[in-house]
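Enquirer: Sharing data26.tsv, TSV, C-alpha atoms:
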chain	number	residue	atom	x	y	z
A	1	MET	CA	-7.17	-38.07	-21.07
A	2	PRO	CA	-10.19	-36.40	-19.45
A	3	ILE	CA	-9.54	-34.10	-16.52
A	4	ASP	CA	-10.90	-35.15	-13.13
A	5	ILE	CA	-13.24	-32.39	-12.01
A	6	GLY	CA	-13.72	-33.90	-8.55
A	7	ALA	CA	-16.80	-34.46	-6.41
A	8	PRO	CA	-20.25	-33.07	-7.15
A	9	MET	CA	-20.75	-29.42	-6.22
A	10	ARG	CA	-23.63	-27.00	-5.98
A	11	HIS	CA	-24.67	-25.79	-9.45
A	12	ALA	CA	-23.26	-22.26	-9.42
A	13	THR	CA	-19.89	-23.38	-8.08
A	14	MET	CA	-19.77	-26.33	-10.47
A	15	ARG	CA	-20.25	-24.03	-13.47
A	16	GLU	CA	-17.56	-21.67	-12.22
A	17	ARG	CA	-15.12	-24.53	-11.77
A	18	ASN	CA	-15.98	-25.94	-15.19
A	19	LEU	CA	-15.30	-22.54	-16.75
A	20	ALA	CA	-11.83	-22.53	-15.16
A	21	VAL	CA	-11.11	-26.10	-16.30
A	22	LEU	CA	-12.20	-25.36	-19.87
A	23	LEU	CA	-10.30	-22.07	-20.11
A	24	GLY	CA	-7.10	-23.76	-18.92
A	25	VAL	CA	-7.50	-26.57	-21.45
A	26	ILE	CA	-8.13	-24.08	-24.27
A	27	ALA	CA	-4.97	-22.17	-23.32
A	28	GLU	CA	-2.91	-25.37	-23.30
A	29	HIS	CA	-4.27	-26.95	-26.50
A	30	GLN	CA	-5.34	-24.00	-28.66
A	31	PRO	CA	-6.61	-23.99	-31.30
A	32	ALA	CA	-8.89	-26.87	-30.34
A	33	THR	CA	-12.31	-27.77	-31.68
A	34	ARG	CA	-15.32	-28.20	-29.42
A	35	ALA	CA	-15.16	-31.95	-29.99
A	36	GLN	CA	-11.49	-32.03	-28.96
A	37	LEU	CA	-12.25	-29.96	-25.87
A	38	ALA	CA	-15.05	-32.32	-24.90
A	39	ALA	CA	-12.66	-35.26	-25.15
A	40	LEU	CA	-9.97	-33.48	-23.14
A	41	THR	CA	-12.26	-32.35	-20.33
A	42	GLY	CA	-14.78	-35.16	-20.19
A	43	PHE	CA	-17.60	-32.65	-20.60
A	44	THR	CA	-20.42	-33.23	-23.09
A	45	LYS	CA	-20.24	-31.30	-26.36
A	46	THR	CA	-23.33	-29.35	-25.31
A	47	THR	CA	-21.68	-28.36	-22.03
A	48	VAL	CA	-18.52	-27.30	-23.86
A	49	SER	CA	-20.52	-25.16	-26.31
A	50	ASN	CA	-22.46	-23.50	-23.48
A	51	LEU	CA	-19.30	-22.78	-21.48
A	52	ILE	CA	-17.53	-21.38	-24.53
A	53	ALA	CA	-20.44	-19.02	-25.07
A	54	VAL	CA	-20.04	-17.75	-21.51
A	55	LEU	CA	-16.26	-17.36	-21.87
A	56	ALA	CA	-16.69	-15.55	-25.18
A	57	GLU	CA	-19.21	-13.17	-23.63
A	58	ALA	CA	-16.61	-12.32	-20.97
A	59	GLY	CA	-14.04	-11.60	-23.71
A	60	LEU	CA	-11.83	-14.55	-22.77
A	61	VAL	CA	-12.03	-16.76	-25.88
A	62	HIS	CA	-12.97	-16.44	-29.54
A	63	ASN	CA	-13.35	-18.64	-32.59
A	64	GLY	CA	-10.36	-19.11	-34.87
A	65	GLY	CA	-9.85	-20.91	-38.16
A	66	MET	CA	-10.84	-24.41	-39.14
A	67	VAL	CA	-9.02	-27.27	-37.40
A	68	HIS	CA	-8.83	-30.89	-38.61
A	69	ASP	CA	-9.66	-33.39	-35.89
A	70	GLY	CA	-7.38	-36.28	-36.91
A	71	ASP	CA	-7.21	-37.89	-40.34
A	72	ARG	CA	-10.93	-38.46	-40.65
A	73	GLY	CA	-14.02	-36.40	-40.22
A	74	ARG	CA	-14.93	-32.87	-41.08
A	75	PRO	CA	-12.80	-30.00	-39.74
A	76	GLY	CA	-14.20	-27.98	-36.86
A	77	THR	CA	-13.88	-24.39	-35.71
A	78	GLY	CA	-10.89	-23.88	-33.45
A	79	VAL	CA	-11.27	-22.00	-30.16
A	80	LEU	CA	-8.53	-19.64	-28.96
A	81	VAL	CA	-7.79	-17.57	-25.87
A	82	ASP	CA	-8.70	-13.96	-26.66
A	83	GLY	CA	-5.54	-11.92	-26.15
A	84	ALA	CA	-7.45	-8.74	-26.91
A	85	GLY	CA	-9.90	-9.16	-24.03
A	86	ALA	CA	-8.98	-9.22	-20.35
A	87	ALA	CA	-5.66	-8.00	-18.94
A	88	GLY	CA	-3.74	-7.77	-15.68
A	89	LEU	CA	-1.92	-4.77	-14.22
A	90	GLY	CA	1.33	-5.13	-12.27
A	91	LEU	CA	2.66	-2.23	-10.21
A	92	GLU	CA	6.09	-2.12	-8.56
A	93	VAL	CA	7.33	0.13	-5.76
A	94	THR	CA	11.07	0.42	-5.03
A	95	VAL	CA	13.21	3.05	-3.34
A	96	ASP	CA	14.37	4.36	-6.70
A	97	TYR	CA	11.46	3.91	-9.11
A	98	LEU	CA	7.80	3.11	-9.66
A	99	ALA	CA	6.78	0.86	-12.55
A	100	ALA	CA	3.70	-0.48	-14.30
A	101	CYS	CA	3.14	-3.41	-16.64
A	102	VAL	CA	0.04	-4.70	-18.45
A	103	LEU	CA	-0.25	-8.29	-19.67
A	104	ASP	CA	-3.06	-9.63	-21.81
A	105	LEU	CA	-4.61	-13.07	-21.35
A	106	SER	CA	-2.06	-14.54	-23.77
A	107	ARG	CA	0.62	-13.26	-21.36
A	108	ARG	CA	1.96	-10.72	-23.83
A	109	VAL	CA	3.31	-7.41	-22.52
A	110	ARG	CA	1.01	-4.67	-23.82
A	111	TYR	CA	2.33	-1.77	-21.74
A	112	ARG	CA	5.44	-1.15	-19.67
A	113	HIS	CA	6.56	2.10	-18.07
A	114	LEU	CA	9.07	3.02	-15.36
A	115	VAL	CA	9.40	6.35	-13.54
A	116	THR	CA	12.59	7.05	-11.56
A	117	ALA	CA	12.02	8.77	-8.22
A	118	ASP	CA	13.64	9.02	-4.80
A	119	ASN	CA	11.03	7.22	-2.70
A	120	ARG	CA	13.10	6.67	0.46
A	121	ASN	CA	11.57	9.38	2.57
A	122	ARG	CA	8.13	9.58	1.00
A	123	ARG	CA	5.11	8.75	3.12
A	124	PRO	CA	2.98	5.77	2.09
A	125	GLU	CA	0.16	8.13	1.09
A	126	GLU	CA	2.47	10.03	-1.26
A	127	ILE	CA	3.68	6.86	-2.93
A	128	ALA	CA	0.09	5.61	-3.25
A	129	ALA	CA	-0.89	8.85	-5.01
A	130	ALA	CA	2.03	8.61	-7.46
A	131	LEU	CA	1.30	4.93	-8.03
A	132	SER	CA	-2.36	5.67	-8.78
A	133	LEU	CA	-1.32	8.22	-11.39
A	134	LEU	CA	1.03	5.73	-13.03
A	135	ALA	CA	-1.61	3.00	-12.92
A	136	GLY	CA	-4.20	5.31	-14.49
A	137	LYS	CA	-1.94	5.86	-17.50
A	138	ALA	CA	-1.38	2.11	-17.83
A	139	ILE	CA	-5.12	1.43	-17.73
A	140	GLY	CA	-5.72	4.18	-20.29
A	141	SER	CA	-3.23	2.58	-22.66
A	142	ALA	CA	-4.84	-0.82	-22.14
A	143	GLN	CA	-8.29	0.58	-22.91
A	144	GLU	CA	-6.98	2.22	-26.08
A	145	GLN	CA	-5.88	-1.26	-27.16
A	146	GLY	CA	-9.34	-2.69	-26.42
A	147	LEU	CA	-8.28	-4.45	-23.22
A	148	THR	CA	-10.25	-4.63	-19.98
A	149	VAL	CA	-7.96	-4.58	-16.93
A	150	ALA	CA	-9.43	-7.11	-14.49
A	151	GLY	CA	-7.28	-6.35	-11.45
A	152	ALA	CA	-3.95	-5.12	-10.13
A	153	VAL	CA	-1.16	-6.47	-7.93
A	154	VAL	CA	1.24	-4.07	-6.20
A	155	ALA	CA	4.78	-5.31	-5.50
A	156	VAL	CA	6.44	-3.80	-2.43
A	157	PRO	CA	9.84	-4.39	-0.78
A	158	GLY	CA	9.86	-5.46	2.83
A	159	LEU	CA	7.87	-7.73	5.12
A	160	LEU	CA	4.14	-8.16	4.62
A	161	ASP	CA	2.61	-10.23	7.38
A	162	ARG	CA	-0.64	-12.17	7.30
A	163	SER	CA	-2.47	-9.45	9.21
A	164	GLY	CA	-1.75	-6.92	6.45
A	165	MET	CA	1.02	-4.95	8.18
A	166	LEU	CA	3.95	-3.80	6.04
A	167	ARG	CA	7.49	-3.33	7.34
A	168	ALA	CA	10.00	-1.88	4.87
A	169	PRO	CA	13.37	-0.91	6.41
A	170	SER	CA	14.57	0.71	3.16
A	171	PHE	CA	11.60	3.12	3.39
A	172	ARG	CA	11.84	3.38	7.19
A	173	TRP	CA	8.28	2.05	7.36
A	174	ARG	CA	7.35	-0.01	10.38
A	175	ASP	CA	3.94	-1.62	10.81
A	176	VAL	CA	2.28	0.41	8.06
A	177	PRO	CA	-1.21	-0.97	7.31
A	178	ALA	CA	-1.34	-2.27	3.75
A	179	ALA	CA	-4.68	-0.49	3.50
A	180	THR	CA	-2.79	2.83	3.63
A	181	LEU	CA	-1.46	1.99	0.18
A	182	LEU	CA	-4.34	-0.07	-1.14
A	183	ASP	CA	-7.21	2.21	-0.15
A	184	ARG	CA	-5.86	5.07	-2.23
A	185	VAL	CA	-5.07	2.83	-5.20
A	186	LEU	CA	-8.48	1.15	-4.97
A	187	ARG	CA	-10.27	4.47	-4.71
A	188	GLU	CA	-8.55	5.79	-7.81
A	189	LEU	CA	-8.59	2.65	-9.96
A	190	ARG	CA	-11.80	0.97	-8.84
A	191	LEU	CA	-10.11	-2.39	-9.42
A	192	PRO	CA	-9.59	-5.48	-7.27
A	193	THR	CA	-6.07	-4.80	-5.96
A	194	LYS	CA	-3.64	-6.90	-3.91
A	195	LEU	CA	-0.31	-6.18	-2.22
A	196	GLU	CA	2.54	-8.70	-2.41
A	197	ASN	CA	6.22	-8.92	-1.51
A	198	GLU	CA	8.48	-8.13	-4.48
A	199	ALA	CA	10.74	-11.18	-4.01
A	200	ASN	CA	7.73	-13.51	-4.06
A	201	LEU	CA	6.47	-11.91	-7.27
A	202	ALA	CA	9.92	-12.10	-8.87
A	203	ALA	CA	9.93	-15.83	-8.17
A	204	LEU	CA	6.45	-16.20	-9.70
A	205	GLY	CA	7.56	-14.15	-12.71
A	206	GLU	CA	10.48	-16.54	-13.12
A	207	LEU	CA	8.13	-19.53	-12.79
A	208	TRP	CA	5.68	-18.27	-15.42
A	209	PHE	CA	7.89	-16.34	-17.84
A	210	GLY	CA	11.54	-17.21	-17.21
A	211	ALA	CA	13.76	-20.12	-16.30
A	212	GLY	CA	11.68	-21.47	-13.43
A	213	ARG	CA	9.07	-23.76	-15.00
A	214	PRO	CA	11.34	-26.78	-15.66
A	215	LEU	CA	13.30	-26.36	-12.41
A	216	GLY	CA	10.79	-27.75	-9.92
A	217	ASP	CA	11.40	-26.38	-6.42
A	218	PHE	CA	13.71	-23.36	-6.60
A	219	LEU	CA	14.79	-20.10	-4.97
A	220	HIS	CA	14.76	-16.86	-6.92
A	221	VAL	CA	17.24	-14.37	-5.46
A	222	SER	CA	16.66	-10.69	-6.21
A	223	GLY	CA	19.80	-8.59	-5.85
A	224	GLU	CA	18.73	-4.98	-5.49
A	225	ILE	CA	19.25	-2.53	-2.60
A	226	GLY	CA	17.84	-5.26	-0.38
A	227	ILE	CA	18.23	-8.95	-1.13
A	228	GLY	CA	15.14	-11.13	-1.09
A	229	ALA	CA	14.51	-14.76	-1.98
A	230	GLY	CA	11.22	-15.98	-3.37
A	231	ILE	CA	10.78	-19.67	-2.54
A	232	ILE	CA	8.82	-21.87	-4.96
A	233	LEU	CA	7.73	-25.23	-3.55
A	234	ASN	CA	5.37	-27.48	-5.53
A	235	GLY	CA	4.65	-24.63	-7.94
A	236	ARG	CA	3.59	-22.24	-5.17
A	237	ILE	CA	5.15	-19.51	-3.07
A	238	PHE	CA	6.26	-20.66	0.36
A	239	ARG	CA	5.54	-17.82	2.80
A	240	GLY	CA	6.24	-19.29	6.21
A	241	PHE	CA	4.03	-18.99	9.29
A	242	HIS	CA	4.05	-15.18	9.49
A	243	GLY	CA	4.58	-14.55	5.77
A	244	PHE	CA	8.25	-13.56	6.20
A	245	ALA	CA	10.01	-16.49	4.49
A	246	GLY	CA	12.83	-15.59	2.11
A	247	GLU	CA	14.39	-12.57	3.86
A	248	LEU	CA	17.82	-13.64	2.64
A	249	GLY	CA	19.33	-10.16	2.88
A	250	HIS	CA	19.07	-10.22	6.65
A	251	ILE	CA	20.94	-13.46	7.23
A	252	GLN	CA	24.05	-12.58	9.23
A	253	VAL	CA	27.31	-13.16	7.35
A	254	ASP	CA	29.62	-11.03	9.53
A	255	PRO	CA	28.86	-10.84	13.28
A	256	ASP	CA	31.30	-7.92	13.61
A	257	GLY	CA	29.96	-6.07	10.59
A	258	PRO	CA	28.16	-2.71	10.48
A	259	GLN	CA	24.63	-2.27	11.78
A	260	CYS	CA	21.83	-2.88	9.30
A	261	ALA	CA	18.60	-0.92	8.99
A	262	CYS	CA	16.84	-3.97	10.46
A	263	GLY	CA	18.79	-3.50	13.71
A	264	ALA	CA	21.11	-6.50	13.38
A	265	ARG	CA	24.79	-6.47	12.43
A	266	GLY	CA	26.60	-7.86	9.42
A	267	CYS	CA	23.56	-8.67	7.27
A	268	LEU	CA	24.13	-10.06	3.77
A	269	GLU	CA	22.78	-6.95	2.02
A	270	LEU	CA	25.54	-4.85	3.62
A	271	VAL	CA	28.07	-6.93	1.66
A	272	ALA	CA	26.23	-8.13	-1.46
A	273	GLY	CA	23.46	-5.56	-1.86
A	274	ARG	CA	23.62	-3.27	-4.88
A	275	GLU	CA	24.42	-0.11	-2.93
A	276	ALA	CA	26.98	-1.90	-0.77
A	277	MET	CA	28.93	-3.04	-3.83
A	278	LEU	CA	28.76	0.38	-5.45
A	279	ARG	CA	30.05	2.09	-2.32
A	280	ALA	CA	32.85	-0.44	-1.96
A	281	VAL	CA	34.23	0.40	-5.42
A	282	GLY	CA	33.89	4.15	-4.93
A	283	LEU	CA	30.66	4.64	-6.85
A	284	GLU	CA	28.87	6.35	-3.96
A	285	PRO	CA	25.12	5.98	-4.69
A	286	LEU	CA	24.08	9.27	-3.11
A	287	THR	CA	21.79	9.97	-6.04
A	288	ALA	CA	21.17	6.34	-6.86
A	289	TRP	CA	17.57	6.93	-7.76
A	290	SER	CA	18.59	9.13	-10.70
A	291	GLY	CA	21.25	6.87	-12.18
A	292	LEU	CA	21.49	3.38	-10.70
A	293	ASP	CA	21.52	1.68	-14.09
A	294	GLU	CA	24.41	3.87	-15.17
A	295	GLN	CA	26.30	3.10	-11.95
A	296	ILE	CA	25.84	-0.66	-12.37
A	297	SER	CA	27.08	-0.24	-15.94
A	298	ALA	CA	30.10	1.65	-14.55
A	299	LEU	CA	30.78	-1.24	-12.14
A	300	ILE	CA	30.57	-3.70	-15.03
A	301	GLU	CA	33.05	-1.57	-17.01
A	302	LEU	CA	35.51	-1.82	-14.10
A	303	LEU	CA	35.03	-5.58	-13.97
A	304	GLU	CA	35.48	-5.97	-17.72
A	305	ALA	CA	38.69	-3.94	-17.49
A	306	GLY	CA	39.97	-6.32	-14.81
A	307	ASP	CA	40.00	-3.74	-12.00
A	308	ARG	CA	41.32	-5.67	-8.99
A	309	GLY	CA	39.34	-3.68	-6.45
A	310	ALA	CA	36.05	-4.23	-8.26
A	311	MET	CA	36.82	-7.90	-8.81
A	312	GLU	CA	37.48	-8.38	-5.09
A	313	VAL	CA	34.29	-6.55	-4.07
A	314	VAL	CA	32.15	-8.77	-6.31
A	315	ARG	CA	34.06	-11.90	-5.29
A	316	ARG	CA	33.42	-11.07	-1.64
A	317	ALA	CA	29.75	-10.43	-2.40
A	318	GLY	CA	29.43	-13.77	-4.20
A	319	ASP	CA	31.11	-15.61	-1.34
A	320	ALA	CA	28.78	-14.01	1.22
A	321	LEU	CA	25.77	-14.74	-0.98
A	322	GLY	CA	26.76	-18.40	-1.30
A	323	ARG	CA	27.25	-18.74	2.47
A	324	ALA	CA	23.84	-17.21	3.15
A	325	LEU	CA	22.19	-19.42	0.55
A	326	THR	CA	23.75	-22.47	2.19
A	327	CYS	CA	21.60	-21.83	5.26
A	328	ILE	CA	18.40	-21.97	3.18
A	329	VAL	CA	19.61	-24.92	1.10
A	330	LYS	CA	20.23	-26.99	4.23
A	331	GLY	CA	16.72	-26.26	5.45
A	332	LEU	CA	14.72	-26.61	2.23
A	333	ASP	CA	16.86	-28.67	-0.18
A	334	PRO	CA	15.72	-26.87	-3.38
A	335	GLY	CA	16.67	-28.23	-6.77
A	336	ALA	CA	17.87	-24.90	-8.17
A	337	ILE	CA	18.71	-21.30	-7.37
A	338	VAL	CA	17.94	-18.52	-9.86
A	339	LEU	CA	19.99	-15.33	-9.64
A	340	GLY	CA	18.00	-12.31	-10.81
A	341	GLY	CA	18.04	-8.52	-10.70
A	342	THR	CA	21.51	-7.00	-10.33
A	343	PHE	CA	23.01	-10.44	-9.75
A	344	SER	CA	21.99	-11.49	-13.26
A	345	ARG	CA	23.91	-8.54	-14.71
A	346	LEU	CA	26.98	-9.45	-12.65
A	347	ALA	CA	26.72	-13.16	-13.43
A	348	ALA	CA	30.08	-13.42	-15.20
A	349	TRP	CA	31.86	-12.40	-11.99
A	350	ILE	CA	29.57	-13.34	-9.09
A	351	LEU	CA	28.49	-16.83	-10.17
A	352	GLN	CA	31.80	-18.63	-9.52
A	353	PRO	CA	32.34	-17.45	-5.91
A	354	THR	CA	28.66	-18.06	-5.15
A	355	GLU	CA	28.84	-21.65	-6.38
A	356	ALA	CA	32.16	-22.21	-4.60
A	357	ALA	CA	30.68	-21.09	-1.25
A	358	LEU	CA	27.65	-23.31	-1.81
A	359	ARG	CA	29.90	-26.32	-2.43
A	360	ALA	CA	32.08	-25.52	0.57
A	361	GLY	CA	29.07	-25.34	2.89
A	362	ALA	CA	27.17	-28.31	1.49
A	363	LEU	CA	26.32	-31.34	3.63
A	364	TYR	CA	26.26	-33.59	0.56
A	365	GLU	CA	28.03	-33.74	-2.77
A	366	GLN	CA	24.94	-32.53	-4.59
A	367	THR	CA	24.34	-28.78	-4.57
A	368	PRO	CA	21.50	-26.90	-6.27
A	369	THR	CA	21.93	-25.89	-9.88
A	370	VAL	CA	22.54	-22.14	-10.10
A	371	VAL	CA	20.76	-20.50	-13.05
A	372	ILE	CA	20.91	-16.91	-14.30
A	373	SER	CA	17.51	-15.29	-14.80
A	374	PRO	CA	16.71	-14.26	-18.39
A	375	LEU	CA	14.22	-11.70	-17.04
A	376	GLY	CA	16.58	-9.52	-15.00
A	377	GLY	CA	14.77	-6.57	-13.46
A	378	ASP	CA	11.48	-7.34	-15.23
A	379	ALA	CA	10.68	-10.42	-13.14
A	380	VAL	CA	8.80	-8.48	-10.44
A	381	MET	CA	6.51	-6.58	-12.83
A	382	LEU	CA	5.80	-9.71	-14.86
A	383	GLY	CA	5.05	-11.65	-11.69
A	384	ALA	CA	2.67	-8.94	-10.46
A	385	ALA	CA	0.71	-8.66	-13.70
A	386	GLY	CA	0.95	-12.42	-14.20
A	387	GLN	CA	-0.71	-13.00	-10.83
A	388	VAL	CA	-3.83	-11.25	-12.11
A	389	ILE	CA	-3.79	-13.42	-15.23
A	390	GLU	CA	-3.39	-16.57	-13.13
A	391	ASP	CA	-6.32	-15.47	-10.97
A	392	ILE	CA	-8.47	-15.08	-14.10
A	393	TYR	CA	-7.56	-18.57	-15.28
A	394	ALA	CA	-8.34	-19.92	-11.80
A	395	ASP	CA	-11.73	-18.20	-11.66
A	396	PRO	CA	-12.85	-16.72	-15.01
A	397	ALA	CA	-16.37	-16.28	-13.60
A	398	VAL	CA	-15.03	-13.30	-11.63
A	399	LEU	CA	-15.37	-11.26	-14.82
A	400	LEU	CA	-19.08	-12.12	-14.95
A	401	ARG	CA	-19.88	-11.08	-11.39
Would you mind writing the file's structure down as structure tokens?
Expert:
Amino acid sequence: MPIDIGAPMRHATMRERNLAVLLGVIAEHQPATRAQLAALTGFTKTTVSNLIAVLAEAGLVHNGGMVHDGDRGRPGTGVLVDGAGAAGLGLEVTVDYLAACVLDLSRRVRYRHLVTADNRNRRPEEIAAALSLLAGKAIGSAQEQGLTVAGAVVAVPGLLDRSGMLRAPSFRWRDVPAATLLDRVLRELRLPTKLENEANLAALGELWFGAGRPLGDFLHVSGEIGIGAGIILNGRIFRGFHGFAGELGHIQVDPDGPQCACGARGCLELVAGREAMLRAVGLEPLTAWSGLDEQISALIELLEAGDRGAMEVVRRAGDALGRALTCIVKGLDPGAIVLGGTFSRLAAWILQPTEAALRAGALYEQTPTVVISPLGGDAVMLGAAGQVIEDIYADPAVLLR
């Protein structure tokens, strides 16, 4: 069925939109002949050939082997997305590490590197400098593989409002201009670079690479030091009016609880956050940045051994998580909830109390399906790099400008 390309447009914009339509169809139906692509898009064969020439010049597609077009007729040359051409760079900033990931246009991981560091008390300028160094190595690796990095997306924890101000309680940053981070990265990399909330990118990573695509509308819950929820509605991130939607970790679950870094009391992350659970079982994360993975593994060992204290801590965390999620479920009615990050590693113990609390707080018999992320801690990086790839598919002409 031909794709509706909409109303007439000025020539330059029409060609750019046609390039995006054709590239998306090639990605979905590859390898496809020019005749097949003409039938799928509704473009003339001449238009398809001209657009393919432009996409090939930009390193986005290439000719493959011969493809038979049905039972009759001569075979034609198949056209494929060029996985050795353009690429996207994802960068992640957390309190305990910096990470980089490069994806090619076929969405294959071509580079992945993580550097542990205690970032809690570092100034934004210091983190930007370290991030630029990490990004430079990632770009160098991509170039060695023949890839051209088209842009970068930086994932940050905390609130990023529509005016470009960043608030990250875990870093003790308040109203830090995003430009403080981006200007340094841009200056070093000379790439189009964007900043995005980590929970939103984790949800997009789940949508594009994990369990999210068949789920429809869903929440992706990231269980790290903070707890964030990326909300996918109609295949897109829901940000809210100010851009703060999904701050699940700061829903109050205990009015008499301890004070949170956000200023409120009894926030969810003080019960179900990674550090909160570690402290509660005696695994004090004073040097968490140098061994968090080992400490989570130690918690899992306690759980596997049936340690009653550890089991109760995780049960309490799951119950609080389910009660907090109930608030969002009542407001948005999502079809599914995806548990990622640390929660995915603790799934065998935290899933049951989470689902029980969701059922107990439900207005109706139906509650969202709860799914465990197959991506774990990689969802954020994949979402960041994947955003660049999605932007290329949406506007491949950007590589020609």
Enquirer: What lies within 12 Å of Glu312 (chain A) using only C-alpha atoms, ignoring chain neighbours under 3 positions off, as a ChimeraX atom specification?
Expert: /A:271-272,277,280-281,302-303,306-309,315-319,349-350,353
Enquirer: For those residues, write C-alpha atoms to a file as a compact mmCIF listing (two decimals), in the coordinates of the input.
Expert:
# COMPACT_ATOMS: atom_id res chain seq x y z
CA VAL A 271 28.07 -6.93 1.66
CA ALA A 272 26.23 -8.13 -1.46
CA MET A 277 28.93 -3.04 -3.83
CA ALA A 280 32.85 -0.44 -1.96
CA VAL A 281 34.23 0.40 -5.42
CA LEU A 302 35.51 -1.82 -14.10
CA LEU A 303 35.03 -5.58 -13.97
CA GLY A 306 39.97 -6.32 -14.81
CA ASP A 307 40.00 -3.74 -12.00
CA ARG A 308 41.32 -5.67 -8.99
CA GLY A 309 39.34 -3.68 -6.45
CA ARG A 315 34.06 -11.90 -5.29
CA ARG A 316 33.42 -11.07 -1.64
CA ALA A 317 29.75 -10.43 -2.40
CA GLY A 318 29.43 -13.77 -4.20
CA ASP A 319 31.11 -15.61 -1.34
CA TRP A 349 31.86 -12.40 -11.99
CA ILE A 350 29.57 -13.34 -9.09
CA PRO A 353 32.34 -17.45 -5.91
Enquirer: Mind listing whatever residues come within 8 Å of the point (23.6, -9.2, 8.4)? Use only C-alpha atoms, file coordinates, and give them as a PDB file with C-alpha atoms, in the frame of the given file.
Expert:
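Contents of point-v2.pdb, as written:
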ATOM      1  CA  GLY A 249      19.330 -10.160   2.880  1.00  0.00           C
ATOM      2  CA  HIS A 250      19.070 -10.220   6.650  1.00  0.00           C
ATOM      3  CA  ILE A 251      20.940 -13.460   7.230  1.00  0.00           C
ATOM      4  CA  GLN A 252      24.050 -12.580   9.230  1.00  0.00           C
ATOM      5  CA  VAL A 253      27.310 -13.160   7.350  1.00  0.00           C
ATOM      6  CA  ASP A 254      29.620 -11.030   9.530  1.00  0.00           C
ATOM      7  CA  PRO A 255      28.860 -10.840  13.280  1.00  0.00           C
ATOM      8  CA  GLY A 257      29.960  -6.070  10.590  1.00  0.00           C
ATOM      9  CA  GLN A 259      24.630  -2.270  11.780  1.00  0.00           C
ATOM     10  CA  CYS A 260      21.830  -2.880   9.300  1.00  0.00           C
ATOM     11  CA  ALA A 264      21.110  -6.500  13.380  1.00  0.00           C
ATOM     12  CA  ARG A 265      24.790  -6.470  12.430  1.00  0.00           C
ATOM     13  CA  GLY A 266      26.600  -7.860   9.420  1.00  0.00           C
ATOM     14  CA  CYS A 267      23.560  -8.670   7.270  1.00  0.00           C
ATOM     15  CA  LEU A 268      24.130 -10.060   3.770  1.00  0.00           C
ATOM     16  CA  GLU A 269      22.780  -6.950   2.020  1.00  0.00           C
ATOM     17  CA  LEU A 270      25.540  -4.850   3.620  1.00  0.00           C
TER      18      LEU A 270
END
Enquirer: List as number ranges by chain the protein and nucleic acid residues near Thr148 (chain A), meaning an atom at most 9 Å away when all atoms listed in the file are counted, but skip any in the same chain fewer than 2 places from it.
Expert: A: 59, 84-88, 104, 139, 142-143, 146, 150
Enquirer: Separation of CA of Ile372 (chain A) and CA of Ala168 (chain A), in Å?
Expert: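 One can read the CA of Ile372 (chain A) to CA of Ala168 (chain A) distance as 26.7 Å.
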Enquirer: What's around Val81 (chain A) at 7 Å? Count all atoms listed in the file, leave out sequence neighbours fewer than 6 positions away in its own chain, and write the answer as number ranges by chain.
Expert: A: 26-27, 60-62, 106
Enquirer: To one decimal place, how far is CA of Asn18 (chain A) from CA of Gly83 (chain A) in Å?
Expert: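 That distance, rounded to one decimal, is 20.6 Å.
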Enquirer: Quote the spacing between CA of Thr77 (chain A) and CA of Ala394 (chain A) in Å to one decimal place.
Expert: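 Value for the CA of Thr77 (chain A)-CA of Ala394 (chain A) distance: 24.9 Å.
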Enquirer: Report as a ChimeraX atom specification all protein, DNA and RNA residues lying within 12 Å of Glu355 (chain A), evaluated on only C-alpha atoms, omitting residues in the same chain fewer than 2 positions from it.
Expert: /A:315,317-326,336-339,347,349-353,357-362,366-371
Enquirer: For region 17-26 of chain A, take all atoms listed in the file, fit an axis-aligned box around them, add 8 Å to each of the six sides, then output centre and edge lengths in Å rounded to one decimal, as JSON.
Expert:
{"center_x": -11.5, "center_y": -24.3, "center_z": -18.0, "size_x": 24.9, "size_y": 20.5, "size_z": 28.5}
Enquirer: Counting only C-alpha atoms, what is within 6 Å of Val102 (chain A), bar same-chain residues fewer than 5 positions away, as a VMD selection string?
Expert: chain A and resid 88 to 89 109 to 111
Enquirer: Find the residue from A:Asp118, A:Leu219, A:Lys137, A:Gly243 that sits nearest to Leu166 (chain A); use all atoms listed in the file when measuring.
Expert: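 Of the candidates, the smallest distance to Leu166 (chain A) is held by A:Gly243.
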Enquirer: Identify which of the residues A:Ala245, A:Met311, A:Asp96, A:Leu131 lies closest to Thr116 (chain A), counting all atoms listed in the file when measuring atom-to-atom distances.
Expert: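 For Thr116 (chain A), the nearest of the given residues is A:Asp96.
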Enquirer: From the options A:Glu125, A:Leu134, A:Leu55, A:Leu22, which residue's atoms come nearest to Ala39 (chain A), counting only C-alpha atoms?
Expert: A:Leu22
Enquirer: Using all atoms listed in the file, what residues lie at most 8 Å away from (11.5, -13.0, -12.6) (file coordinates), given as a list in words?
Expert: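 Checked against the point, the hits come out as Leu201, Ala202, Ala203, Leu204, Gly205, Glu206, Leu207, Phe209, Gly210, His220, Gly340, Ser373, Pro374, Leu375, Gly376, Gly377, Asp378, Ala379, Val380, Leu382 and Gly383 of chain A.
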